[in-house]
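Containing mmCIF, C-alpha atoms: structure_5.cif.
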data_work
loop_
_atom_site.label_atom_id
_atom_site.label_comp_id
_atom_site.auth_asym_id
_atom_site.auth_seq_id
_atom_site.Cartn_x
_atom_site.Cartn_y
_atom_site.Cartn_z
CA MET Q 1 35.59 -275.05 22.85
CA LEU Q 2 33.13 -272.79 21.26
CA ASP Q 3 30.99 -270.68 23.56
CA LYS Q 4 27.28 -271.25 23.40
CA PRO Q 5 25.47 -268.29 21.85
CA GLU Q 6 23.84 -266.31 24.66
CA LYS Q 7 20.07 -266.50 24.86
CA PRO Q 8 18.44 -263.14 24.16
CA ASN Q 9 17.47 -261.71 27.55
CA ARG Q 10 13.69 -261.28 27.34
CA LYS Q 11 12.68 -258.47 29.67
CA GLU Q 12 9.02 -258.36 30.69
CA ILE Q 13 7.36 -255.21 31.97
CA ASN Q 14 5.38 -255.83 35.11
CA LEU Q 15 1.82 -254.73 34.31
CA ILE Q 16 0.29 -255.45 37.70
CA PRO Q 17 0.81 -251.90 39.20
CA LEU Q 18 -0.66 -250.41 36.02
CA ILE Q 19 -3.75 -252.61 36.35
CA ASN Q 20 -4.07 -251.65 40.00
CA ILE Q 21 -4.04 -247.95 39.17
CA ILE Q 22 -6.52 -248.37 36.32
CA PHE Q 23 -8.86 -250.33 38.59
CA LEU Q 24 -8.66 -247.61 41.22
CA LEU Q 25 -9.40 -244.85 38.69
CA LEU Q 26 -12.23 -246.89 37.18
CA THR Q 27 -13.81 -247.46 40.59
CA PHE Q 28 -13.50 -243.74 41.40
CA PHE Q 29 -15.24 -242.64 38.19
CA MET Q 30 -17.95 -245.29 38.56
CA VAL Q 31 -18.73 -244.40 42.18
CA ALA Q 32 -18.20 -240.62 42.31
CA GLY Q 33 -19.72 -239.56 38.98
CA THR Q 34 -23.11 -239.91 37.42
CA ILE Q 35 -23.82 -240.82 33.83
CA ASP Q 36 -26.33 -238.50 32.28
CA LYS Q 37 -27.70 -237.71 28.86
CA VAL Q 38 -25.67 -235.24 26.88
CA ASP Q 39 -27.50 -231.93 26.50
CA PRO Q 40 -28.36 -230.83 22.95
CA PHE Q 41 -26.47 -227.58 23.59
CA GLY Q 42 -24.11 -226.25 26.22
CA LEU Q 43 -25.90 -224.92 29.29
CA ASN Q 44 -24.68 -223.06 32.31
CA LEU Q 45 -27.19 -224.09 34.96
CA PRO Q 46 -28.40 -221.60 37.59
CA ASP Q 47 -26.79 -221.93 41.02
CA ALA Q 48 -28.81 -222.77 44.09
CA SER Q 49 -27.92 -223.83 47.60
CA LYS Q 50 -28.50 -227.39 48.70
CA ARG Q 51 -32.09 -227.68 49.84
CA GLY Q 52 -32.40 -231.43 50.06
CA ASP Q 53 -35.00 -231.60 47.32
CA THR Q 54 -35.14 -234.67 45.17
CA LYS Q 55 -32.62 -235.35 42.47
CA PRO Q 56 -33.65 -234.70 38.85
CA PRO Q 57 -36.10 -237.46 37.93
CA ARG Q 58 -35.86 -239.48 34.75
CA THR Q 59 -38.62 -237.67 32.97
CA SER Q 60 -39.10 -235.41 29.96
CA VAL Q 61 -36.73 -232.48 29.93
CA ILE Q 62 -37.22 -229.13 28.20
CA TYR Q 63 -33.93 -227.44 27.36
CA MET Q 64 -33.68 -223.65 27.03
CA HIS Q 65 -30.66 -221.86 25.65
CA LYS Q 66 -29.97 -218.18 26.26
CA ASP Q 67 -30.13 -217.45 22.51
CA GLY Q 68 -33.74 -218.67 22.42
CA ARG Q 69 -33.16 -222.22 21.19
CA LEU Q 70 -35.54 -224.81 22.62
CA ALA Q 71 -35.24 -228.57 22.78
CA VAL Q 72 -37.51 -231.27 24.09
CA ASN Q 73 -35.79 -234.52 25.04
CA ASN Q 74 -32.72 -233.70 22.95
CA ASP Q 75 -34.75 -232.77 19.83
CA LEU Q 76 -34.53 -229.14 18.78
CA VAL Q 77 -37.94 -227.51 18.39
CA THR Q 78 -39.14 -224.15 17.21
CA LYS Q 79 -41.30 -221.85 19.32
CA ARG Q 80 -44.15 -222.42 16.86
CA ASP Q 81 -44.12 -226.22 17.31
CA PHE Q 82 -43.42 -226.07 21.00
CA SER Q 83 -47.00 -226.11 22.30
CA THR Q 84 -47.96 -229.06 20.04
CA ILE Q 85 -44.96 -231.08 21.23
CA VAL Q 86 -45.55 -230.15 24.85
CA ASN Q 87 -49.19 -231.17 24.49
CA THR Q 88 -48.20 -234.72 23.45
CA LEU Q 89 -45.55 -234.72 26.18
CA VAL Q 90 -48.10 -233.82 28.87
CA LEU Q 91 -50.46 -236.55 27.62
CA GLU Q 92 -47.65 -239.13 27.62
CA ASN Q 93 -46.33 -238.14 31.05
CA LYS Q 94 -49.69 -237.89 32.79
CA GLY Q 95 -49.07 -237.35 36.47
CA LYS Q 96 -45.34 -236.98 36.03
CA GLU Q 97 -43.65 -233.65 36.32
CA LEU Q 98 -41.90 -231.86 33.51
CA VAL Q 99 -38.42 -230.58 34.12
CA ILE Q 100 -36.92 -227.44 32.62
CA LYS Q 101 -33.16 -227.30 32.12
CA ALA Q 102 -32.48 -223.66 31.38
CA ASP Q 103 -29.32 -221.61 31.05
CA SER Q 104 -28.87 -219.15 33.91
CA ASP Q 105 -28.92 -216.26 31.40
CA VAL Q 106 -32.30 -217.17 29.87
CA THR Q 107 -34.70 -214.28 30.40
CA SER Q 108 -37.49 -214.70 32.91
CA SER Q 109 -40.04 -213.79 30.23
CA ASP Q 110 -38.88 -216.78 28.12
CA LEU Q 111 -39.14 -219.03 31.18
CA ILE Q 112 -42.64 -217.76 31.93
CA TRP Q 113 -43.60 -218.23 28.26
CA VAL Q 114 -42.54 -221.90 28.44
CA MET Q 115 -44.36 -222.37 31.75
CA ARG Q 116 -47.53 -220.79 30.37
CA ALA Q 117 -47.32 -223.06 27.31
CA ILE Q 118 -47.10 -226.10 29.61
CA GLU Q 119 -49.93 -224.81 31.78
CA ASN Q 120 -52.14 -224.14 28.74
CA VAL Q 121 -51.99 -227.80 27.69
CA GLY Q 122 -52.79 -229.06 31.17
CA GLY Q 123 -49.34 -229.57 32.65
CA SER Q 124 -49.23 -228.52 36.26
CA ASP Q 125 -46.08 -229.90 37.82
CA VAL Q 126 -43.05 -228.02 36.53
CA SER Q 127 -39.58 -227.93 38.02
CA ILE Q 128 -36.26 -226.40 37.11
CA ILE Q 129 -32.88 -228.10 37.37
CA THR Q 130 -30.27 -226.21 39.36
CA LYS Q 131 -26.60 -226.69 40.05
CA VAL Q 132 -25.90 -227.15 43.74
CA VAL Q 133 -23.35 -224.78 45.18
CA LYS Q 134 -21.85 -225.86 48.49
CA MET A 1 13.66 -295.95 30.76
CA ASN A 2 14.40 -292.41 31.50
CA PHE A 3 12.69 -291.13 34.62
CA GLY A 4 14.65 -287.92 34.74
CA GLU A 5 13.40 -284.79 36.43
CA LYS A 6 10.52 -283.11 34.74
CA THR A 7 11.20 -279.57 33.66
CA LYS A 8 8.82 -277.12 35.41
CA ARG A 9 6.66 -275.20 32.94
CA ARG A 10 5.84 -271.69 34.03
CA VAL A 11 2.34 -270.76 32.93
CA THR A 12 1.94 -267.06 32.24
CA VAL A 13 -1.45 -265.45 31.66
CA ASN A 14 -1.46 -262.78 28.98
CA ILE A 15 -2.91 -259.73 30.69
CA THR A 16 -2.50 -257.31 27.80
CA SER A 17 -6.11 -257.83 26.66
CA LEU A 18 -7.31 -257.16 30.23
CA VAL A 19 -5.38 -253.89 30.28
CA ASP A 20 -6.91 -252.94 26.91
CA ILE A 21 -10.46 -253.52 28.17
CA LEU A 22 -9.76 -251.62 31.38
CA ILE A 23 -8.38 -248.64 29.50
CA VAL A 24 -11.45 -248.58 27.23
CA LEU A 25 -13.76 -248.70 30.26
CA LEU A 26 -11.75 -246.00 32.01
CA LEU A 27 -11.93 -243.73 28.98
CA PHE A 28 -15.69 -244.31 28.71
CA PHE A 29 -16.30 -243.37 32.35
CA MET A 30 -13.90 -240.42 32.20
CA LEU A 31 -15.72 -238.96 29.21
CA THR A 32 -19.31 -239.64 30.23
CA THR A 33 -19.44 -239.08 33.98
CA GLN A 34 -20.54 -235.74 35.35
CA PHE A 35 -19.51 -234.39 38.70
CA ILE A 36 -22.00 -231.52 38.83
CA HIS A 37 -24.47 -232.08 41.63
CA MET A 38 -27.92 -231.18 40.36
CA GLU A 39 -31.20 -230.79 42.14
CA ILE A 40 -34.68 -229.70 41.18
CA LEU A 41 -36.63 -226.67 42.32
CA ASN A 42 -40.39 -226.60 41.96
CA LEU A 43 -41.78 -223.69 39.96
CA ASN A 44 -45.28 -222.33 40.16
CA ILE A 45 -46.67 -219.74 37.87
CA SER A 46 -48.95 -217.04 39.21
CA ALA A 47 -52.62 -217.61 38.38
CA ASP A 48 -52.77 -214.13 36.85
CA GLY A 49 -56.35 -213.61 37.84
CA LYS A 50 -57.46 -217.12 36.85
CA ASN A 51 -59.45 -219.25 39.32
CA THR A 52 -59.60 -216.42 41.81
CA GLU A 53 -63.36 -216.87 42.09
CA ASN A 54 -62.84 -220.33 43.56
CA GLN A 55 -60.63 -219.01 46.30
CA THR A 56 -62.86 -218.51 49.31
CA ILE A 57 -60.12 -217.34 51.66
CA LYS A 58 -57.70 -214.86 50.19
CA LYS A 59 -54.25 -215.17 51.65
CA PRO A 60 -52.14 -212.07 52.16
CA ILE A 61 -49.71 -211.56 49.32
CA ILE A 62 -46.11 -210.44 49.45
CA LYS A 63 -44.92 -209.14 46.11
CA ILE A 64 -41.23 -209.06 45.29
CA THR A 65 -40.19 -207.50 42.00
CA LEU A 66 -37.10 -209.01 40.44
CA VAL A 67 -35.46 -206.10 38.68
CA GLY A 68 -32.55 -208.02 37.18
CA SER A 69 -28.77 -207.92 37.71
CA GLY A 70 -29.21 -209.57 41.09
CA LYS A 71 -31.52 -206.89 42.48
CA PHE A 72 -35.08 -206.88 43.75
CA ASN A 73 -37.68 -204.33 44.72
CA LEU A 74 -39.74 -204.63 47.89
CA ASN A 75 -42.21 -201.95 48.97
CA GLY A 76 -40.66 -199.44 46.60
CA ASN A 77 -37.08 -199.93 47.77
CA GLU A 78 -34.40 -201.63 45.71
CA TYR A 79 -32.03 -204.09 47.38
CA ASN A 80 -29.46 -206.67 46.40
CA LEU A 81 -30.82 -210.22 46.24
CA LEU A 82 -28.33 -211.20 48.95
CA HIS A 83 -30.38 -209.10 51.41
CA LEU A 84 -33.66 -210.77 50.44
CA LYS A 85 -33.63 -213.09 53.43
CA GLU A 86 -33.28 -210.34 56.05
CA LYS A 87 -35.89 -208.10 54.40
CA LEU A 88 -38.38 -210.92 53.90
CA LYS A 89 -38.12 -212.69 57.24
CA PRO A 90 -40.12 -210.14 59.28
CA LEU A 91 -42.83 -210.07 56.60
CA ILE A 92 -43.19 -213.85 56.45
CA GLU A 93 -43.26 -214.41 60.20
CA GLY A 94 -46.67 -214.67 61.71
CA PRO A 95 -49.53 -217.13 62.07
CA ASP A 96 -51.00 -216.49 58.62
CA GLU A 97 -49.56 -218.28 55.66
CA LYS A 98 -48.69 -215.82 52.93
CA ASP A 99 -48.53 -216.15 49.20
CA ILE A 100 -45.29 -214.84 47.74
CA ILE A 101 -45.20 -213.61 44.18
CA ALA A 102 -41.88 -213.01 42.46
CA ALA A 103 -42.77 -210.60 39.67
CA CYS A 104 -40.04 -210.57 37.04
CA LYS A 105 -39.06 -207.52 35.04
CA LYS A 106 -37.74 -208.03 31.50
CA LYS A 107 -34.12 -207.78 32.63
CA ALA A 108 -34.46 -210.53 35.23
CA ASN A 109 -33.01 -213.85 34.20
CA VAL A 110 -33.38 -217.46 35.36
CA GLN A 111 -30.54 -217.07 37.86
CA ASP A 112 -32.42 -214.19 39.55
CA VAL A 113 -35.60 -216.30 39.71
CA VAL A 114 -33.80 -219.36 41.12
CA SER A 115 -31.85 -217.27 43.67
CA ALA A 116 -35.03 -215.52 44.80
CA ILE A 117 -36.95 -218.79 45.25
CA ASP A 118 -33.95 -220.28 47.01
CA TYR A 119 -33.71 -217.39 49.50
CA ILE A 120 -37.47 -217.31 50.06
CA LYS A 121 -37.48 -221.04 50.87
CA GLU A 122 -34.54 -220.54 53.20
CA VAL A 123 -36.55 -218.15 55.40
CA GLY A 124 -39.51 -220.50 55.40
CA GLY A 125 -41.56 -219.01 52.59
CA LYS A 126 -44.13 -221.28 50.97
CA ASN A 127 -46.60 -220.86 48.11
CA ILE A 128 -44.07 -219.10 45.90
CA SER A 129 -45.14 -218.32 42.38
CA ILE A 130 -43.55 -216.35 39.59
CA ALA A 131 -45.20 -213.83 37.31
CA GLU A 132 -44.28 -211.32 34.64
CA ASP A 133 -44.08 -207.71 35.75
CA LYS A 134 -45.40 -205.61 32.89
#
The structure given in the file should be rewritten as structure tokens.
Amino acid sequence: MLDKPEKPNRKEINLIPLINIIFLLLTFFMVAGTIDKVDPFGLNLPDASKRGDTKPPRTSVIYMHKDGRLAVNNDLVTKRDFSTIVNTLVLENKGKELVIKADSDVTSSDLIWVMRAIENVGGSDVSIITKVVK
Amino acid sequence: MNFGEKTKRRVTVNITSLVDILIVLLLFFMLTTQFIHMEILNLNISADGKNTENQTIKKPIIKITLVGSGKFNLNGNEYNLLHLKEKLKPLIEGPDEKDIIAACKKKANVQDVVSAIDYIKEVGGKNISIAEDK
């Protein structure tokens, strides 16, 4: 008698452990991290100890780079246009605070210049974002 | 009629598409989540002589000059910013609330300003404002 041709042995890879690991990683990233807007340029935030102040609010952000570049809500602006843009920003965000996200190497005179520009158009509540060091 | 045994059909769910979606989600969260803990620090700018007429009661002022490179000047003596707390504590203590001005020299950067405010707040200092030291 002729032997029956053997059926090709179909091996299946068990994907369940892979799914378990992916689910775990996904849950970790969703719970432990925070999704934030990408900054217009790389910034090394100044360190500060944990003071229990409020977390950065979802409001207008002024970005300051150490080389003098300025950005308002992810749009690059020149120093000349800055006060005009900040003026509209202060009018739009009446009552809300403005937040400065500055590199730790930005000079204090540049920071004061930005704060004076905000103050000159009527903005009073200004904060700076810091990186918490434990 | 043939009432023979029915062959059992094994239903398998194709989970490859599920794995694909999970990997896409995992990649998205891995690339967008940030693990830097950020907080905000309120900044006040010194009035620079403005509105002083309206102030009926003048509070005593403590002036700290931020020299830069992590150093500050208090009453003519230069110290490291790490010693700010111990030098400032005896000056702040007392029944009267004092205004603290952090005057920044040109060399001082944002990190110096943030560290100074942080240390001042740690020893209980309130009414902190920053100014430019010309």
>> Under the rule that only C-alpha atoms are counted, which of Q:Leu25, Q:Leu18, Q:Ala48, Q:Ala32 is the nearest residue to Ala116 (chain A)?
In response: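 Nearest to Ala116 (chain A): Q:Ala48.
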>> I'd like to know which of A:Ala108, A:Ile120, A:Ile21, A:Ile101 is closest to chain Q, using all atoms listed in the file.
In response: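 Among A:Ala108, A:Ile120, A:Ile21, A:Ile101, it is A:Ala108 that comes nearest to chain Q.
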Distance table requested - chain Q against chain A, cut-off 8 Å, only C-alpha atoms: one row per qualifying residue with the closest atom pair and its distance in Å to one decimal, ordered by chain and rising residue number, as a Markdown table.
| residue | atom | partner | partner_atom | distance |
| --- | --- | --- | --- | --- |
| Q:Leu15 | CA | A:Ile15 | CA | 7.8 |
| Q:Ile19 | CA | A:Val19 | CA | 6.4 |
| Q:Ile22 | CA | A:Leu22 | CA | 6.7 |
| Q:Phe23 | CA | A:Leu22 | CA | 7.4 |
| Q:Leu25 | CA | A:Leu26 | CA | 7.2 |
| Q:Leu26 | CA | A:Leu26 | CA | 5.3 |
| Q:Phe29 | CA | A:Phe29 | CA | 6.0 |
| Q:Met30 | CA | A:Phe29 | CA | 6.7 |
| Q:Ala32 | CA | A:Phe35 | CA | 7.3 |
| Q:Gly33 | CA | A:Thr33 | CA | 5.0 |
| Q:Thr34 | CA | A:Thr33 | CA | 5.1 |
| Q:Ile35 | CA | A:Thr33 | CA | 4.7 |
| Q:Asp36 | CA | A:Gln34 | CA | 7.1 |
| Q:Pro46 | CA | A:Gln111 | CA | 5.0 |
| Q:Asp47 | CA | A:Gln111 | CA | 6.9 |
| Q:Ala48 | CA | A:Ser115 | CA | 6.3 |
| Q:Ser49 | CA | A:Asp118 | CA | 7.0 |
| Q:Lys50 | CA | A:Glu39 | CA | 7.9 |
| Q:Asp53 | CA | A:Ile40 | CA | 6.4 |
| Q:Thr54 | CA | A:Glu39 | CA | 6.3 |
| Q:Lys55 | CA | A:Glu39 | CA | 4.8 |
| Q:Pro56 | CA | A:Ile40 | CA | 5.6 |
| Q:Ala102 | CA | A:Val110 | CA | 7.4 |
| Q:Asp103 | CA | A:Val110 | CA | 7.2 |
| Q:Ser104 | CA | A:Gln111 | CA | 4.8 |
| Q:Asp105 | CA | A:Asn109 | CA | 5.5 |
| Q:Val106 | CA | A:Asn109 | CA | 5.5 |
| Q:Thr107 | CA | A:Asn109 | CA | 4.2 |
| Q:Ser108 | CA | A:Asn109 | CA | 4.7 |
| Q:Ser109 | CA | A:Lys106 | CA | 6.3 |
| Q:Leu111 | CA | A:Val110 | CA | 7.3 |
| Q:Ile112 | CA | A:Ala131 | CA | 7.1 |
| Q:Met115 | CA | A:Ile45 | CA | 7.1 |
| Q:Arg116 | CA | A:Ile45 | CA | 7.6 |
| Q:Asp125 | CA | A:Asn42 | CA | 7.8 |
| Q:Val126 | CA | A:Leu43 | CA | 5.7 |
| Q:Ser127 | CA | A:Asn42 | CA | 4.2 |
| Q:Ile128 | CA | A:Leu41 | CA | 5.2 |
| Q:Ile129 | CA | A:Ile40 | CA | 4.5 |
| Q:Thr130 | CA | A:Glu39 | CA | 5.4 |
| Q:Lys131 | CA | A:Met38 | CA | 4.7 |
| Q:Val132 | CA | A:His37 | CA | 5.5 |
> What is the CA of Gly124 (chain A)-CA of Gly76 (chain A) distance in Å, reported with one decimal?
Replying inline: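 The value is 22.9 Å.
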> What does the distance from CA of Leu70 (chain Q) to CA of Leu43 (chain Q) come to in Å, to one decimal?
Replying inline: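 Distance between the two atoms: 11.7 Å.
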Select region 89-118 of chain A in the preceding structure and write N, CA and C atoms to a file as a PDB file, in the first residue's frame.
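Result written to out_11.pdb:
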ATOM      1  N   LYS A  89      17.568  83.525  56.479  1.00  0.00           N
ATOM      2  CA  LYS A  89      16.617  83.167  57.535  1.00  0.00           C
ATOM      3  C   LYS A  89      16.585  84.175  58.694  1.00  0.00           C
ATOM      4  N   PRO A  90      17.758  84.567  59.246  1.00  0.00           N
ATOM      5  CA  PRO A  90      17.690  85.545  60.353  1.00  0.00           C
ATOM      6  C   PRO A  90      17.147  86.905  59.928  1.00  0.00           C
ATOM      7  N   LEU A  91      17.315  87.243  58.660  1.00  0.00           N
ATOM      8  CA  LEU A  91      16.826  88.554  58.187  1.00  0.00           C
ATOM      9  C   LEU A  91      15.313  88.539  57.985  1.00  0.00           C
ATOM     10  N   ILE A  92      14.790  87.387  57.563  1.00  0.00           N
ATOM     11  CA  ILE A  92      13.350  87.291  57.288  1.00  0.00           C
ATOM     12  C   ILE A  92      12.550  87.191  58.578  1.00  0.00           C
ATOM     13  N   GLU A  93      13.116  86.481  59.557  1.00  0.00           N
ATOM     14  CA  GLU A  93      12.376  86.246  60.806  1.00  0.00           C
ATOM     15  C   GLU A  93      12.010  87.566  61.493  1.00  0.00           C
ATOM     16  N   GLY A  94      10.856  87.557  62.046  1.00  0.00           N
ATOM     17  CA  GLY A  94      10.394  88.769  62.718  1.00  0.00           C
ATOM     18  C   GLY A  94       8.936  89.006  62.407  1.00  0.00           C
ATOM     19  N   PRO A  95       8.307  89.924  63.177  1.00  0.00           N
ATOM     20  CA  PRO A  95       6.869  90.135  62.982  1.00  0.00           C
ATOM     21  C   PRO A  95       6.536  90.854  61.670  1.00  0.00           C
ATOM     22  N   ASP A  96       7.453  91.717  61.223  1.00  0.00           N
ATOM     23  CA  ASP A  96       7.164  92.489  60.007  1.00  0.00           C
ATOM     24  C   ASP A  96       7.393  91.652  58.755  1.00  0.00           C
ATOM     25  N   GLU A  97       6.452  91.815  57.836  1.00  0.00           N
ATOM     26  CA  GLU A  97       6.614  91.145  56.551  1.00  0.00           C
ATOM     27  C   GLU A  97       7.554  91.982  55.691  1.00  0.00           C
ATOM     28  N   LYS A  98       8.517  91.332  55.076  1.00  0.00           N
ATOM     29  CA  LYS A  98       9.514  92.075  54.302  1.00  0.00           C
ATOM     30  C   LYS A  98       9.398  91.791  52.813  1.00  0.00           C
ATOM     31  N   ASP A  99       9.689  92.817  52.063  1.00  0.00           N
ATOM     32  CA  ASP A  99       9.748  92.642  50.608  1.00  0.00           C
ATOM     33  C   ASP A  99      11.154  92.180  50.248  1.00  0.00           C
ATOM     34  N   ILE A 100      11.251  91.194  49.394  1.00  0.00           N
ATOM     35  CA  ILE A 100      12.570  90.706  48.990  1.00  0.00           C
ATOM     36  C   ILE A 100      12.755  90.982  47.501  1.00  0.00           C
ATOM     37  N   ILE A 101      13.832  91.675  47.203  1.00  0.00           N
ATOM     38  CA  ILE A 101      14.127  91.977  45.795  1.00  0.00           C
ATOM     39  C   ILE A 101      15.376  91.213  45.383  1.00  0.00           C
ATOM     40  N   ALA A 102      15.239  90.432  44.327  1.00  0.00           N
ATOM     41  CA  ALA A 102      16.393  89.732  43.766  1.00  0.00           C
ATOM     42  C   ALA A 102      16.874  90.545  42.563  1.00  0.00           C
ATOM     43  N   ALA A 103      17.905  91.334  42.796  1.00  0.00           N
ATOM     44  CA  ALA A 103      18.440  92.178  41.713  1.00  0.00           C
ATOM     45  C   ALA A 103      19.445  91.356  40.913  1.00  0.00           C
ATOM     46  N   CYS A 104      19.217  91.291  39.602  1.00  0.00           N
ATOM     47  CA  CYS A 104      20.043  90.408  38.769  1.00  0.00           C
ATOM     48  C   CYS A 104      21.101  91.188  38.009  1.00  0.00           C
ATOM     49  N   LYS A 105      22.333  90.754  38.152  1.00  0.00           N
ATOM     50  CA  LYS A 105      23.418  91.314  37.338  1.00  0.00           C
ATOM     51  C   LYS A 105      23.324  90.688  35.944  1.00  0.00           C
ATOM     52  N   LYS A 106      24.083  91.244  34.995  1.00  0.00           N
ATOM     53  CA  LYS A 106      24.007  90.759  33.616  1.00  0.00           C
ATOM     54  C   LYS A 106      24.370  89.288  33.483  1.00  0.00           C
ATOM     55  N   LYS A 107      25.290  88.832  34.320  1.00  0.00           N
ATOM     56  CA  LYS A 107      25.765  87.438  34.217  1.00  0.00           C
ATOM     57  C   LYS A 107      24.765  86.421  34.762  1.00  0.00           C
ATOM     58  N   ALA A 108      23.829  86.890  35.579  1.00  0.00           N
ATOM     59  CA  ALA A 108      22.870  85.966  36.195  1.00  0.00           C
ATOM     60  C   ALA A 108      21.934  85.397  35.140  1.00  0.00           C
ATOM     61  N   ASN A 109      21.670  84.122  35.244  1.00  0.00           N
ATOM     62  CA  ASN A 109      20.746  83.509  34.280  1.00  0.00           C
ATOM     63  C   ASN A 109      19.464  83.048  34.973  1.00  0.00           C
ATOM     64  N   VAL A 110      18.585  82.444  34.171  1.00  0.00           N
ATOM     65  CA  VAL A 110      17.267  82.031  34.683  1.00  0.00           C
ATOM     66  C   VAL A 110      17.416  81.016  35.817  1.00  0.00           C
ATOM     67  N   GLN A 111      18.407  80.138  35.705  1.00  0.00           N
ATOM     68  CA  GLN A 111      18.620  79.137  36.756  1.00  0.00           C
ATOM     69  C   GLN A 111      18.930  79.815  38.092  1.00  0.00           C
ATOM     70  N   ASP A 112      19.752  80.882  38.053  1.00  0.00           N
ATOM     71  CA  ASP A 112      20.068  81.621  39.286  1.00  0.00           C
ATOM     72  C   ASP A 112      18.800  82.237  39.885  1.00  0.00           C
ATOM     73  N   VAL A 113      17.965  82.815  39.003  1.00  0.00           N
ATOM     74  CA  VAL A 113      16.728  83.465  39.468  1.00  0.00           C
ATOM     75  C   VAL A 113      15.805  82.433  40.107  1.00  0.00           C
ATOM     76  N   VAL A 114      15.614  81.302  39.404  1.00  0.00           N
ATOM     77  CA  VAL A 114      14.708  80.261  39.905  1.00  0.00           C
ATOM     78  C   VAL A 114      15.234  79.679  41.220  1.00  0.00           C
ATOM     79  N   SER A 115      16.548  79.414  41.279  1.00  0.00           N
ATOM     80  CA  SER A 115      17.128  78.859  42.516  1.00  0.00           C
ATOM     81  C   SER A 115      16.940  79.830  43.671  1.00  0.00           C
ATOM     82  N   ALA A 116      17.197  81.111  43.412  1.00  0.00           N
ATOM     83  CA  ALA A 116      17.067  82.121  44.465  1.00  0.00           C
ATOM     84  C   ALA A 116      15.636  82.180  44.980  1.00  0.00           C
ATOM     85  N   ILE A 117      14.659  82.240  44.070  1.00  0.00           N
ATOM     86  CA  ILE A 117      13.251  82.308  44.488  1.00  0.00           C
ATOM     87  C   ILE A 117      12.884  81.052  45.275  1.00  0.00           C
ATOM     88  N   ASP A 118      13.381  79.928  44.778  1.00  0.00           N
ATOM     89  CA  ASP A 118      13.115  78.641  45.425  1.00  0.00           C
ATOM     90  C   ASP A 118      13.632  78.619  46.865  1.00  0.00           C
TER      91      ASP A 118
END
